[in-house]
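Trainee: Input file: query-v2.pdb. Contents: PDB, C-alpha atoms and all ligand atoms.
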ATOM      1  CA  MET A   1     124.406  78.427 105.561
ATOM      2  CA  LEU A   2     125.141  81.201 108.009
ATOM      3  CA  MET A   3     127.917  83.626 107.126
ATOM      4  CA  ASN A   4     129.647  86.822 108.098
ATOM      5  CA  MET A   5     128.085  89.604 105.991
ATOM      6  CA  LYS A   6     131.434  90.869 104.704
ATOM      7  CA  GLU A   7     132.179  87.692 102.744
ATOM      8  CA  LEU A   8     128.671  87.620 101.374
ATOM      9  CA  LEU A   9     128.805  91.223 100.160
ATOM     10  CA  GLU A  10     132.275  90.914  98.614
ATOM     11  CA  VAL A  11     130.813  88.469  96.090
ATOM     12  CA  ALA A  12     127.878  90.744  95.296
ATOM     13  CA  TYR A  13     130.114  93.810  94.999
ATOM     14  CA  LYS A  14     132.484  92.111  92.561
ATOM     15  CA  ASN A  15     129.701  90.627  90.461
ATOM     16  CA  ASN A  16     127.326  93.605  90.199
ATOM     17  CA  PHE A  17     124.343  92.466  92.184
ATOM     18  CA  ALA A  18     122.838  93.448  95.509
ATOM     19  CA  VAL A  19     121.818  91.143  98.354
ATOM     20  CA  GLY A  20     118.374  91.920  99.769
ATOM     21  CA  SER A  21     118.380  92.553 103.508
ATOM     22  CA  PHE A  22     114.886  92.040 104.885
ATOM     23  CA  ASN A  23     113.536  93.208 108.250
ATOM     24  CA  VAL A  24     111.895  90.357 110.131
ATOM     25  CA  ALA A  25     109.819  90.883 113.251
ATOM     26  CA  ASN A  26     108.397  87.385 113.753
ATOM     27  CA  SER A  27     108.858  83.813 112.563
ATOM     28  CA  GLU A  28     106.449  84.304 109.620
ATOM     29  CA  PHE A  29     108.862  86.766 108.030
ATOM     30  CA  VAL A  30     111.829  84.499 108.745
ATOM     31  CA  ARG A  31     110.039  81.762 106.744
ATOM     32  CA  VAL A  32     109.143  84.276 104.002
ATOM     33  CA  VAL A  33     112.766  85.330 103.513
ATOM     34  CA  ILE A  34     114.311  81.845 103.740
ATOM     35  CA  GLU A  35     111.754  80.164 101.447
ATOM     36  CA  SER A  36     112.052  82.973  98.888
ATOM     37  CA  ALA A  37     115.862  82.802  98.987
ATOM     38  CA  GLU A  38     115.871  79.032  98.460
ATOM     39  CA  GLU A  39     113.267  79.164  95.680
ATOM     40  CA  LYS A  40     115.221  81.938  93.912
ATOM     41  CA  LYS A  41     118.662  80.472  94.751
ATOM     42  CA  ALA A  42     119.553  83.931  96.035
ATOM     43  CA  PRO A  43     121.759  84.857  98.997
ATOM     44  CA  ALA A  44     119.825  86.920 101.553
ATOM     45  CA  ILE A  45     120.243  88.778 104.821
ATOM     46  CA  ILE A  46     117.836  88.681 107.727
ATOM     47  CA  GLN A  47     117.997  91.952 109.604
ATOM     48  CA  ILE A  48     116.434  92.769 112.925
ATOM     49  CA  HIS A  49     116.089  96.299 114.253
ATOM     50  CA  PRO A  50     116.414  96.925 118.037
ATOM     51  CA  ASN A  51     112.635  97.644 118.207
ATOM     52  CA  GLU A  52     111.971  94.344 116.442
ATOM     53  CA  LEU A  53     114.333  92.561 118.837
ATOM     54  CA  ASP A  54     112.364  94.034 121.754
ATOM     55  CA  LEU A  55     109.222  92.536 120.214
ATOM     56  CA  VAL A  56     110.563  89.015 119.573
ATOM     57  CA  GLY A  57     112.932  88.727 122.558
ATOM     58  CA  ASP A  58     116.612  87.785 122.593
ATOM     59  CA  ASP A  59     116.003  84.007 122.550
ATOM     60  CA  PHE A  60     114.355  84.328 119.142
ATOM     61  CA  ILE A  61     117.787  84.823 117.567
ATOM     62  CA  ALA A  62     118.754  81.228 118.412
ATOM     63  CA  TYR A  63     115.826  80.096 116.217
ATOM     64  CA  VAL A  64     116.884  82.445 113.415
ATOM     65  CA  ARG A  65     120.459  81.141 113.628
ATOM     66  CA  GLU A  66     119.355  77.500 113.453
ATOM     67  CA  SER A  67     117.059  78.278 110.505
ATOM     68  CA  CYS A  68     119.847  80.064 108.611
ATOM     69  CA  LYS A  69     122.430  77.343 109.318
ATOM     70  CA  ASN A  70     120.207  74.841 107.549
ATOM     71  CA  THR A  71     119.624  76.804 104.331
ATOM     72  CA  LYS A  72     121.215  75.853 101.011
ATOM     73  CA  VAL A  73     121.874  79.545 100.238
ATOM     74  CA  PRO A  74     124.260  81.922 102.079
ATOM     75  CA  MET A  75     122.561  83.967 104.816
ATOM     76  CA  ALA A  76     123.659  86.537 107.394
ATOM     77  CA  ILE A  77     121.905  87.885 110.495
ATOM     78  CA  HIS A  78     122.352  91.626 110.760
ATOM     79  CA  LEU A  79     121.506  94.283 113.369
ATOM     80  CA  ASP A  80     119.625  97.060 111.580
ATOM     81  CA  HIS A  81     120.203 100.638 112.852
ATOM     82  CA  GLY A  82     121.956  99.870 116.126
ATOM     83  CA  SER A  83     122.133 103.200 117.905
ATOM     84  CA  SER A  84     124.640 102.502 120.671
ATOM     85  CA  VAL A  85     127.459 100.226 121.748
ATOM     86  CA  LYS A  86     124.865  98.641 124.041
ATOM     87  CA  ASP A  87     122.667  97.657 121.056
ATOM     88  CA  VAL A  88     125.730  96.228 119.322
ATOM     89  CA  MET A  89     126.819  94.200 122.367
ATOM     90  CA  ARG A  90     123.304  92.818 122.749
ATOM     91  CA  ALA A  91     123.295  91.736 119.091
ATOM     92  CA  ILE A  92     126.723  90.090 119.324
ATOM     93  CA  ARG A  93     125.745  88.258 122.513
ATOM     94  CA  ASN A  94     122.662  86.940 120.743
ATOM     95  CA  GLY A  95     124.661  85.587 117.794
ATOM     96  CA  TYR A  96     124.125  88.103 115.018
ATOM     97  CA  THR A  97     126.877  87.765 112.392
ATOM     98  CA  SER A  98     126.820  91.453 111.428
ATOM     99  CA  VAL A  99     125.907  94.797 112.999
ATOM    100  CA  MET A 100     125.074  98.322 111.914
ATOM    101  CA  ILE A 101     126.022 101.268 114.076
ATOM    102  CA  ASP A 102     124.015 104.282 112.996
ATOM    103  CA  ALA A 103     125.575 107.418 114.457
ATOM    104  CA  SER A 104     124.705 109.410 111.344
ATOM    105  CA  HIS A 105     122.921 112.052 113.431
ATOM    106  CA  ALA A 106     126.091 112.811 115.388
ATOM    107  CA  SER A 107     128.854 115.129 114.173
ATOM    108  CA  PHE A 108     131.364 113.732 111.660
ATOM    109  CA  ALA A 109     134.002 113.379 114.396
ATOM    110  CA  ASP A 110     131.614 111.676 116.836
ATOM    111  CA  ASN A 111     130.302 109.364 114.118
ATOM    112  CA  ILE A 112     133.893 108.305 113.420
ATOM    113  CA  ALA A 113     134.659 107.816 117.130
ATOM    114  CA  ILE A 114     131.640 105.637 117.964
ATOM    115  CA  THR A 115     131.935 103.671 114.715
ATOM    116  CA  LYS A 116     135.613 102.958 115.418
ATOM    117  CA  GLU A 117     134.733 101.689 118.875
ATOM    118  CA  VAL A 118     132.152  99.313 117.361
ATOM    119  CA  VAL A 119     134.620  98.095 114.716
ATOM    120  CA  ASN A 120     137.144  97.258 117.465
ATOM    121  CA  ILE A 121     134.587  95.232 119.396
ATOM    122  CA  ALA A 122     132.932  93.495 116.442
ATOM    123  CA  HIS A 123     136.007  92.570 114.400
ATOM    124  CA  ASP A 124     137.509  90.803 117.416
ATOM    125  CA  VAL A 125     134.653  88.294 117.216
ATOM    126  CA  ASN A 126     134.414  88.072 113.393
ATOM    127  CA  VAL A 127     131.262  90.206 113.170
ATOM    128  CA  SER A 128     131.080  92.647 110.250
ATOM    129  CA  VAL A 129     130.188  96.336 110.635
ATOM    130  CA  GLU A 130     128.015  98.699 108.606
ATOM    131  CA  ALA A 131     127.903 102.421 109.396
ATOM    132  CA  GLU A 132     126.057 105.362 107.851
ATOM    133  CA  LEU A 133     127.185 108.730 106.614
ATOM    134  CA  GLY A 134     124.630 111.340 105.637
ATOM    135  CA  THR A 135     121.006 110.692 106.600
ATOM    136  CA  ILE A 136     118.238 109.019 104.697
ATOM    137  CA  GLY A 137     114.717 110.392 104.968
ATOM    138  CA  SER A 138     111.912 109.166 107.199
ATOM    139  CA  ASN A 139     108.228 108.579 106.597
ATOM    140  CA  GLU A 140     105.495 108.069 109.135
ATOM    141  CA  GLY A 141     105.009 104.595 110.513
ATOM    142  CA  SER A 142     108.470 103.179 109.906
ATOM    143  CA  SER A 143     110.337 101.967 112.991
ATOM    144  CA  GLU A 144     113.687 102.459 111.273
ATOM    145  CA  GLY A 145     113.526 106.225 111.693
ATOM    146  CA  GLY A 146     115.525 108.684 109.612
ATOM    147  CA  ALA A 147     115.714 112.443 109.290
ATOM    148  CA  ASP A 148     113.058 114.888 108.099
ATOM    149  CA  GLU A 149     115.438 116.179 105.496
ATOM    150  CA  ILE A 150     117.867 114.049 103.499
ATOM    151  CA  LEU A 151     121.526 114.959 103.974
ATOM    152  CA  TYR A 152     123.267 113.514 100.940
ATOM    153  CA  THR A 153     126.531 111.679 101.552
ATOM    154  CA  ASP A 154     129.608 113.623 100.480
ATOM    155  CA  ALA A 155     132.046 111.475  98.478
ATOM    156  CA  ASP A 156     135.259 112.870 100.028
ATOM    157  CA  ASP A 157     133.847 112.572 103.535
ATOM    158  CA  ALA A 158     132.863 108.992 102.721
ATOM    159  CA  LYS A 159     136.423 108.150 101.680
ATOM    160  CA  ARG A 160     137.847 109.616 104.893
ATOM    161  CA  PHE A 161     135.160 107.965 107.018
ATOM    162  CA  VAL A 162     135.885 104.514 105.593
ATOM    163  CA  GLU A 163     139.662 104.917 105.948
ATOM    164  CA  GLU A 164     139.473 106.141 109.534
ATOM    165  CA  THR A 165     136.911 103.667 110.847
ATOM    166  CA  GLY A 166     137.833 100.403 109.092
ATOM    167  CA  ILE A 167     134.163  99.499 108.495
ATOM    168  CA  ASP A 168     133.214  96.681 106.136
ATOM    169  CA  THR A 169     130.324  98.384 104.405
ATOM    170  CA  LEU A 170     128.921 101.919 104.196
ATOM    171  CA  ALA A 171     125.285 103.051 104.032
ATOM    172  CA  VAL A 172     124.956 106.081 101.781
ATOM    173  CA  ALA A 173     122.238 108.712 101.435
ATOM    174  CA  ILE A 174     121.390 109.274  97.768
ATOM    175  CA  GLY A 175     117.713 110.187  97.974
ATOM    176  CA  THR A 176     115.783 107.270  99.477
ATOM    177  CA  SER A 177     113.643 107.400 102.614
ATOM    178  CA  HIS A 178     112.350 104.682 104.925
ATOM    179  CA  GLY A 179     108.811 103.573 104.220
ATOM    180  CA  GLN A 180     106.371 104.607 101.506
ATOM    181  CA  TYR A 181     106.545 108.012  99.872
ATOM    182  CA  LYS A 182     102.970 108.966 100.718
ATOM    183  CA  HIS A 183     103.131 112.665 100.034
ATOM    184  CA  ALA A 184     106.046 113.425  97.778
ATOM    185  CA  GLY A 185     105.878 110.563  95.253
ATOM    186  CA  LYS A 186     108.809 108.335  94.346
ATOM    187  CA  PRO A 187     112.143 110.184  94.654
ATOM    188  CA  GLU A 188     114.815 110.690  92.016
ATOM    189  CA  LEU A 189     117.938 108.904  93.196
ATOM    190  CA  LYS A 190     121.235 110.733  92.762
ATOM    191  CA  LEU A 191     122.972 108.045  90.713
ATOM    192  CA  ASP A 192     125.800 110.422  89.714
ATOM    193  CA  LEU A 193     126.595 110.999  93.373
ATOM    194  CA  LEU A 194     126.509 107.238  93.964
ATOM    195  CA  ALA A 195     128.961 106.702  91.093
ATOM    196  CA  GLU A 196     131.279 109.355  92.558
ATOM    197  CA  ILE A 197     131.159 107.772  96.031
ATOM    198  CA  ASN A 198     131.811 104.369  94.484
ATOM    199  CA  GLN A 199     134.905 105.749  92.714
ATOM    200  CA  LYS A 200     136.375 107.040  95.950
ATOM    201  CA  VAL A 201     135.301 104.317  98.376
ATOM    202  CA  GLU A 202     136.533 100.799  97.803
ATOM    203  CA  ILE A 203     134.118  98.827  99.968
ATOM    204  CA  PRO A 204     130.571  97.574  99.261
ATOM    205  CA  LEU A 205     127.857 100.230  99.700
ATOM    206  CA  VAL A 206     124.386  99.854 101.226
ATOM    207  CA  LEU A 207     121.080 101.385 100.156
ATOM    208  CA  HIS A 208     118.492 101.928 102.888
ATOM    209  CA  GLY A 209     114.840 102.722 102.234
ATOM    210  CA  GLY A 210     114.579 100.135  99.449
ATOM    211  CA  SER A 211     110.768 100.154  99.316
ATOM    212  CA  ASP A 212     108.627 102.190  96.958
ATOM    213  CA  ASN A 213     111.321 103.355  94.557
ATOM    214  CA  LYS A 214     111.402 103.278  90.759
ATOM    215  CA  ASP A 215     112.463  99.770  89.694
ATOM    216  CA  GLU A 216     114.557 101.144  86.839
ATOM    217  CA  GLU A 217     116.560 103.283  89.294
ATOM    218  CA  ILE A 218     117.062 100.436  91.769
ATOM    219  CA  ALA A 219     118.385  98.332  88.884
ATOM    220  CA  GLN A 220     121.121 100.963  88.347
ATOM    221  CA  THR A 221     122.350 101.064  91.933
ATOM    222  CA  TYR A 222     124.146  97.718  91.975
ATOM    223  CA  LEU A 223     126.129  98.807  88.912
ATOM    224  CA  HIS A 224     127.621 101.562  91.108
ATOM    225  CA  GLY A 225     128.728  99.730  94.242
ATOM    226  CA  ILE A 226     125.465  99.029  96.069
ATOM    227  CA  ALA A 227     125.855  95.435  97.287
ATOM    228  CA  LYS A 228     123.074  95.381  99.909
ATOM    229  CA  ILE A 229     119.575  96.823  99.687
ATOM    230  CA  ASN A 230     117.459  97.122 102.839
ATOM    231  CA  LEU A 231     113.844  96.250 102.397
ATOM    232  CA  SER A 232     111.096  96.334 104.981
ATOM    233  CA  THR A 233     107.912  98.231 104.097
ATOM    234  CA  ASP A 234     107.002  96.650 100.731
ATOM    235  CA  MET A 235     107.245  93.134 102.192
ATOM    236  CA  LYS A 236     105.387  93.892 105.417
ATOM    237  CA  SER A 237     102.591  95.857 103.757
ATOM    238  CA  ALA A 238     101.951  93.023 101.273
ATOM    239  CA  PHE A 239     101.699  90.592 104.198
ATOM    240  CA  PHE A 240      99.255  92.664 106.249
ATOM    241  CA  GLN A 241      97.207  93.848 103.287
ATOM    242  CA  GLU A 242      96.523  90.224 102.359
ATOM    243  CA  MET A 243      95.851  89.341 106.003
ATOM    244  CA  ARG A 244      93.295  92.170 106.272
ATOM    245  CA  ARG A 245      91.576  90.951 103.102
ATOM    246  CA  PHE A 246      91.528  87.349 104.338
ATOM    247  CA  LEU A 247      90.116  88.247 107.755
ATOM    248  CA  LYS A 248      87.430  90.441 106.208
ATOM    249  CA  ASP A 249      86.354  87.610 103.903
ATOM    250  CA  ASN A 250      86.629  84.984 106.650
ATOM    251  CA  GLN A 251      85.212  86.706 109.716
ATOM    252  CA  GLY A 252      85.207  83.571 111.867
ATOM    253  CA  ALA A 253      88.798  82.547 111.108
ATOM    254  CA  TYR A 254      91.058  82.138 114.132
ATOM    255  CA  GLU A 255      93.545  79.335 113.367
ATOM    256  CA  PRO A 256      97.006  80.671 112.437
ATOM    257  CA  ASP A 257      97.574  77.783 110.025
ATOM    258  CA  VAL A 258      94.433  78.911 108.200
ATOM    259  CA  ILE A 259      95.086  82.662 108.305
ATOM    260  CA  MET A 260      98.840  82.882 107.706
ATOM    261  CA  PRO A 261      99.509  81.037 104.419
ATOM    262  CA  SER A 262      97.974  83.559 102.015
ATOM    263  CA  ALA A 263      99.661  86.482 103.809
ATOM    264  CA  ARG A 264     102.947  84.606 103.757
ATOM    265  CA  ASN A 265     102.591  83.951 100.029
ATOM    266  CA  ALA A 266     101.804  87.603  99.299
ATOM    267  CA  ALA A 267     104.981  88.654 101.130
ATOM    268  CA  LYS A 268     106.984  85.963  99.313
ATOM    269  CA  GLU A 269     105.847  87.291  95.939
ATOM    270  CA  VAL A 270     107.260  90.715  96.866
ATOM    271  CA  VAL A 271     110.542  89.316  98.199
ATOM    272  CA  LYS A 272     111.045  87.118  95.142
ATOM    273  CA  HIS A 273     110.379  90.057  92.832
ATOM    274  CA  LYS A 274     112.981  92.099  94.755
ATOM    275  CA  MET A 275     115.533  89.292  94.395
ATOM    276  CA  ASP A 276     115.033  89.442  90.611
ATOM    277  CA  LEU A 277     115.196  93.243  90.675
ATOM    278  CA  PHE A 278     118.409  93.253  92.756
ATOM    279  CA  ASN A 279     119.930  90.734  90.292
ATOM    280  CA  SER A 280     120.600  88.286  93.159
ATOM    281  CA  THR A 281     118.486  85.437  91.737
ATOM    282  CA  ASN A 282     120.563  82.341  90.897
ATOM    283  CA  LYS A 283     123.682  83.827  92.544
ATOM    284  CA  ALA A 284     123.810  81.428  95.509
TER     285      ALA A 284
HETATM  286  P1  LIG B   1     112.051 100.485 103.606
HETATM  287  O1  LIG B   1     111.057 100.379 104.715
HETATM  288  O2  LIG B   1     111.850 101.714 102.750
HETATM  289  O3  LIG B   1     112.094  99.234 102.783
HETATM  290  O4  LIG B   1     113.511 100.669 104.280
HETATM  291  C1  LIG B   1     114.054  99.637 105.055
HETATM  292  C2  LIG B   1     115.357 100.001 105.703
HETATM  293  O5  LIG B   1     116.131 100.814 105.240
HETATM  294  C3  LIG B   1     115.708  99.309 106.966
HETATM  295  O6  LIG B   1     116.941  99.709 107.459
HETATM  296 ZN    ZN B   2     117.390 101.761 107.197
HETATM  297 NA    NA B   3     111.516 103.632 100.948
END
Can you give me the file's structure in the form of structure tokens?
Mentor:
Amino acid sequence: MLMNMKELLEVAYKNNFAVGSFNVANSEFVRVVIESAEEKKAPAIIQIHPNELDLVGDDFIAYVRESCKNTKVPMAIHLDHGSSVKDVMRAIRNGYTSVMIDASHASFADNIAITKEVVNIAHDVNVSVEAELGTIGSNEGSSEGGADEILYTDADDAKRFVEETGIDTLAVAIGTSHGQYKHAGKPELKLDLLAEINQKVEIPLVLHGGSDNKDEEIAQTYLHGIAKINLSTDMKSAFFQEMRRFLKDNQGAYEPDVIMPSARNAAKEVVKHKMDLFNSTNKA
């Protein structure tokens, strides 16, 4: 069933688990996320970044909506890293049930102003809003972007930001980066900072850059307010790694129904593992 993300995250927040939010960029990944969610009886979010929306085209969202409406588990369709009111309007027109406005690169005052504008627009049509304070890191190859240096979220700023904007959920910077940590190794997450933010902010928190972290640290985050974990790279790399292997071993293969299944299964294994790790299995 298709839901507003706020209602979905309230349940996770109150019950100490996190809902996986997976970036899809074609119908294969939509199937991967929905099948995994149903097999694990886990709620899940399908998120689509503006670059991914450019790739699939606006009409694709109608297919995603129909697919989500027919699931047995709760689902939401979320705009990942919208960068302008224009991105947000495009998402709402297409039928997303949730949007992110990422003005984290702007000044504190400008971030508040643009986020408030988005909240006014989105709440009128029952669409939930995520915003970001502080900046998560970036790694090469990820379309989600990020900053070269991580600016950790300040807990008092976070409290003020949430009060002034009226957002439904806040993305925090506690040490993760988008993509794989090729050079620096897996980061240490600032779990103390997360706990402090969670004390001061009374809405569900979001962790970006969910791939390639220490499992034992991820398993701590949902005990301190993280109710949504964004995951892209680990799922996509499993898919394409298996596809590369398959094509190398089957040089003449050209039928999608022959090539796709093993790649799809490899991605599903990752997604299902994440659902266990995020403690969202059997929560639907
Ligand atoms: P990863 O690519 O590290 O999983 O991050 C995904 C993300 O934060 C999308 O917004
Ligand atoms: Zn992100
Ligand atoms: Na990451």
Trainee: Can you spell out as a VMD selection string the set of residues that the PyMOL selection byres (((not hetatm)) within 12 of (chain B and resi 2)) selects in the structure I just provided?
Mentor: chain A and resid 21 to 23 47 to 50 78 to 83 100 to 102 104 130 to 132 135 to 139 142 to 147 170 to 173 176 to 179 206 to 211 228 to 233
Trainee: As a check of understanding, name the residues that the PyMOL selection byres (((chain A and resi 127) around 8) and not hetatm) selects in the supplied structure, as a ChimeraX atom specification.
Mentor: /A:4-5,92,96-99,122-126,128-129
Trainee: Can you tell me how far CA of Val118 (chain A) sits from CA of Ala91 (chain A), in Å to one decimal?
Mentor: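 Those two atoms sit 11.8 Å apart.
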Trainee: So, counting only C-alpha atoms and all ligand atoms, which residue among A:Gln180, A:Gln241, A:Thr153, A:Thr281 is closest to ligand LIG 1 (chain B)?
Mentor: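 Looking at the shortest contact to ligand LIG 1 (chain B), the residue is A:Gln180.
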Trainee: Restricting the calculation to all atoms listed in the file, which member of A:Ala42, A:Ile259, A:Val24, A:Ala37 is positioned closest to Phe60 (chain A)?
Mentor: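 Of the candidates, the smallest distance to Phe60 (chain A) is held by A:Val24.
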Trainee: Just give me the residues with any atom within 12 Å of (117.4, 79.1, 104.8), file coordinates, counting only C-alpha atoms, written as a PyMOL selection string.
Mentor: chain A and resi 1-3+29-46+63-77+284
Trainee: Counting only C-alpha atoms and all ligand atoms, figure out which residue out of A:Leu247, A:Met235, A:Leu277, A:Ala267 gets nearest to ligand NA 3 (chain B).
Mentor: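 Once distances to ligand NA 3 (chain B) are computed over only C-alpha atoms and all ligand atoms, the minimum belongs to A:Met235.
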Trainee: With only C-alpha atoms counted, which protein, DNA or RNA residues have an atom no more than 8 Å from (109.4, 114.5, 101.7) in the file frame? Please answer as a list of chain:residue names.
Mentor: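 Protein and nucleic acid residues near the point are A:Gly137, A:Asn139, A:Asp148, A:Glu149, A:Tyr181, A:His183, A:Ala184.
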Trainee: Between A:Glu269, A:Asp249, A:Asp234, A:Asp212, which is the closest to ligand NA 3 (chain B) once you count all atoms listed in the file?
Mentor: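 Closest to ligand NA 3 (chain B), using all atoms listed in the file: A:Asp212.
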Trainee: For a quick check of understanding, using only C-alpha atoms and all ligand atoms, which of A:Ile174, A:Tyr222, A:Asn265, A:Phe239 has the smallest distance to ligand NA 3 (chain B)?
Mentor: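 Closest residue, counting only C-alpha atoms and all ligand atoms: A:Ile174.
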Trainee: Which is closer to ligand NA 3 (chain B) than all the others in A:Lys186, A:His224, A:Lys248, A:Arg264, using all atoms listed in the file?
Mentor: A:Lys186
Trainee: What does the structure give for the distance between CA of Asp110 (chain A) and CA of Asp156 (chain A), in Å to one decimal?
Mentor: 17.2 Å
Trainee: Just the residues within 8 Å of Val201 (chain A), please, counting all atoms listed in the file, with nothing from its chain fewer than 5 positions along; format it as a list in words.
Mentor: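 The contact residues come out as Ala155, Ala158, Lys159 and Val162 of chain A.
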Trainee: Just the number, please: distance in Å from CA of Asp54 (chain A) to atom O4 of ligand LIG 1 (chain B), one decimal.
Mentor: 18.7 Å
Trainee: Translate the PyMOL selection byres (((chain A and resi 94) around 8) and not hetatm) into a concrete residue list for this structure, as a JSON list (two decimals) with C-alpha atoms, in the coordinates of the input.
Mentor:
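File selection.json, as written:
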[["chain", "number", "residue", "atom", "x", "y", "z"],
["A", 58, "ASP", "CA", 116.61, 87.78, 122.59],
["A", 59, "ASP", "CA", 116.00, 84.01, 122.55],
["A", 61, "ILE", "CA", 117.79, 84.82, 117.57],
["A", 62, "ALA", "CA", 118.75, 81.23, 118.41],
["A", 90, "ARG", "CA", 123.30, 92.82, 122.75],
["A", 91, "ALA", "CA", 123.30, 91.74, 119.09],
["A", 92, "ILE", "CA", 126.72, 90.09, 119.32],
["A", 93, "ARG", "CA", 125.74, 88.26, 122.51],
["A", 95, "GLY", "CA", 124.66, 85.59, 117.79],
["A", 96, "TYR", "CA", 124.12, 88.10, 115.02]]
Trainee: Given 4 Å on each side, where is the centre and what are the edge lengths in Å to one decimal of the axis-aligned box enclosing the listed atoms of ligand LIG 1 (chain B), as AutoDock Vina command-line options?
Mentor:
--center_x 114.0 --center_y 100.5 --center_z 105.1 --size_x 13.9 --size_y 10.5 --size_z 12.7
Trainee: Show me a table, sorted first by chain and then by increasing residue number, of the residues of region 175-215 of chain A having an atom at most 12 Å from region 9-12 of chain A, each with its shortest atom pair and the distance in Å to one decimal, counting only C-alpha atoms and written as a Markdown table.
Mentor:
| residue | atom | partner | partner_atom | distance |
| --- | --- | --- | --- | --- |
| A:Glu202 | CA | A:Glu10 | CA | 10.8 |
| A:Ile203 | CA | A:Glu10 | CA | 8.2 |
| A:Pro204 | CA | A:Leu9 | CA | 6.7 |
| A:Leu205 | CA | A:Leu9 | CA | 9.1 |
| A:Val206 | CA | A:Leu9 | CA | 9.8 |
Trainee: Could you save the residues just selected, with C-alpha atoms, as an mmCIF file, in the coordinates of the input?
Mentor:
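So out-v4.cif came out as:
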data_model
loop_
_atom_site.group_PDB
_atom_site.id
_atom_site.type_symbol
_atom_site.label_atom_id
_atom_site.label_comp_id
_atom_site.auth_asym_id
_atom_site.auth_seq_id
_atom_site.Cartn_x
_atom_site.Cartn_y
_atom_site.Cartn_z
ATOM 1 C CA GLU A 202 136.533 100.799 97.803
ATOM 2 C CA ILE A 203 134.118 98.827 99.968
ATOM 3 C CA PRO A 204 130.571 97.574 99.261
ATOM 4 C CA LEU A 205 127.857 100.230 99.700
ATOM 5 C CA VAL A 206 124.386 99.854 101.226
#
